[in-house]
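One structure is given here, and the rest of the page talks about it.
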Amino acid sequence: MGVTTFEDFEPERLVKSSQRVRDLAEVFTPGNIVDEMLDLLPHEMWQVHPSKAFLEPAVGNGNFVSAILSRKLSLLDADYRSGSLPAGSSQNGAEFHALEALASIYGVDISEDNIIGGTPGHEIACRPRLLEILRRWHTAIFGDEIAPDSSFMKSAQWIVEHNMIIGNMLERDGDGKPTNRDEIPIIEYLWSPESLSVTVSRTTFGDIRMEAEEEGSDVLSLFGPSAPLELWSGRFEELYEIQREARVSLSGAVASNSRGKK
């Protein structure tokens, strides 16, 4: 698959420090291996609409999710230039599918430095990395810089703040305490290209896991998963107007997905 790369970051590092390797078993996957693994997926995994969902349970600083987004945007770029986007050939149509692509990618990591970044030694992190890829795509396809406070970028910011989650996908932490991973919030998006609209709902990892278990079983549970809670529905570029929802309780302590806030 020919992929246009919208990244231009400093040379990759496989480790940040020996201490983080000891404490977090943190070793990042090299980019060439990421590409080789993604090359094994069928072509339909990269379709523009409906955009297939990916969840990276130990996302690190985003080697996999950034490569996934680049691939999705590369195919979107080709469809836009050929006039074959489901949402139409306008700039709005392309931006609609770009946000759809971004919203289809989820990541969880125990380190807020990997998710948020912005501190010495953690300059590259998931959220800003994905936003930079999206910004570079927008410049490449439309030819001018997009303002950070544009509706498009503010909606993209909302998405990464809710899809790139600080959390622990293991059942128990290093001290044997429950991580409450089933409470990790998952935002679901239903994209409608005909009306350039999106419906946003909130569920949890636990409910998604329970639903998957029921689908694979012949036995129905009396207490099944809760239905997703609809939060908002409207034009795609106004998505940022939704109040912030992503919060998760980790090891008994309520934490937000913003640095240093509870």
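Ordering of the structure tokens sets the chain letters (A, B, ...), residue numbers begin anew at 1 in every chain, and ligands are numbered from 1 in the order given.
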Range 161-163 of chain A: which residues within 10 Å, counting only C-alpha atoms, same-chain residues fewer than 4 positions away excluded, as a list in words?
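Close residues of range 161-163 of chain A: Leu55, Leu102, Ala103, Ser104, Ile105, Tyr106, Gly107, Val108, Ile115, Ile116, Cys126, Arg127, Pro128, Ser155, Ala156, Gln157, Pro185, Ile186, Ile187, Glu188, Arg244, Glu245, Ala246, Arg247, Asn257 and Ser258 of chain A.
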Same residues, C-alpha atoms, output as a compact mmCIF listing (two decimals), in the first residue's frame:
```txt
# COMPACT_ATOMS: atom_id res chain seq x y z
CA LEU A 55 -7.65 0.21 19.77
CA LEU A 102 -9.09 10.40 13.65
CA ALA A 103 -12.11 9.40 15.75
CA SER A 104 -11.76 5.75 14.72
CA ILE A 105 -8.41 5.44 16.51
CA TYR A 106 -8.21 4.77 20.27
CA GLY A 107 -5.24 4.39 22.57
CA VAL A 108 -4.68 3.74 26.27
CA ILE A 115 -0.46 10.57 26.17
CA ILE A 116 -0.04 14.31 26.83
CA CYS A 126 0.07 10.67 21.34
CA ARG A 127 -2.31 13.60 21.42
CA PRO A 128 -0.05 16.31 19.97
CA SER A 155 -12.99 19.31 17.13
CA ALA A 156 -9.83 17.27 16.47
CA GLN A 157 -8.51 18.34 19.89
CA PRO A 185 -14.67 5.62 29.02
CA ILE A 186 -15.03 4.91 25.32
CA ILE A 187 -16.57 7.52 23.04
CA GLU A 188 -18.51 6.12 20.08
CA ARG A 244 -15.61 17.08 28.23
CA GLU A 245 -16.68 13.62 29.31
CA ALA A 246 -13.63 11.37 29.52
CA ARG A 247 -12.90 10.48 33.13
CA ASN A 257 -7.39 12.86 31.34
CA SER A 258 -5.68 16.21 31.78
```
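Every residue of range 40-198 of chain A with a DSSP assignment of strand (DSSP E), taken from the backbone, is listed as Phe54, Leu55, Glu56, Ile105, Tyr106, Gly107, Val108, Asp109, Met164, Ile165, Ile166, Pro185, Ile186, Ile187, Glu188, Tyr189, Leu190, Trp191, Ser192, Ser197 and Val198 of chain A.
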Find, counting only C-alpha atoms, the residue in A:Glu230, A:Glu214, A:Glu171, A:Glu194 that gets nearest to Asn92 in chain A.
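Result for the nearest residue to Asn92 in chain A: A:Glu194.
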So which residues touch Phe64 in chain A within 9 Å, counting only C-alpha atoms, skipping near sequence neighbours fewer than 5 positions away, as JSON, numbers by chain?
{"A": [29, 31, 34, 35, 38, 56, 59, 69]}
Dump of N, CA and C atoms for the selected residues, as an mmCIF file, in the first residue's frame:
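Wrote it out as selection_24.cif, contents follow:
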```cif
data_model
loop_
_atom_site.group_PDB
_atom_site.id
_atom_site.type_symbol
_atom_site.label_atom_id
_atom_site.label_comp_id
_atom_site.auth_asym_id
_atom_site.auth_seq_id
_atom_site.Cartn_x
_atom_site.Cartn_y
_atom_site.Cartn_z
ATOM 1 N N THR A 29 7.927 0.270 19.631
ATOM 2 C CA THR A 29 8.061 -0.529 18.413
ATOM 3 C C THR A 29 8.670 0.320 17.299
ATOM 4 N N GLY A 31 9.509 1.976 13.738
ATOM 5 C CA GLY A 31 8.588 2.335 12.674
ATOM 6 C C GLY A 31 8.533 1.337 11.543
ATOM 7 N N VAL A 34 6.348 -1.491 12.618
ATOM 8 C CA VAL A 34 4.956 -1.040 12.601
ATOM 9 C C VAL A 34 4.399 -1.126 11.179
ATOM 10 N N ASP A 35 5.148 -0.609 10.210
ATOM 11 C CA ASP A 35 4.688 -0.614 8.817
ATOM 12 C C ASP A 35 4.516 -2.037 8.289
ATOM 13 N N LEU A 38 1.299 -3.473 9.772
ATOM 14 C CA LEU A 38 0.095 -2.882 9.181
ATOM 15 C C LEU A 38 -0.098 -3.324 7.734
ATOM 16 N N GLU A 56 -5.378 0.560 20.540
ATOM 17 C CA GLU A 56 -4.032 0.188 20.965
ATOM 18 C C GLU A 56 -4.003 0.228 22.487
ATOM 19 N N VAL A 59 -0.395 2.114 24.175
ATOM 20 C CA VAL A 59 -0.130 2.938 22.998
ATOM 21 C C VAL A 59 1.228 3.610 23.011
ATOM 22 N N LEU A 69 -3.173 6.523 11.427
ATOM 23 C CA LEU A 69 -3.798 7.752 10.954
ATOM 24 C C LEU A 69 -3.205 8.187 9.617
#
```
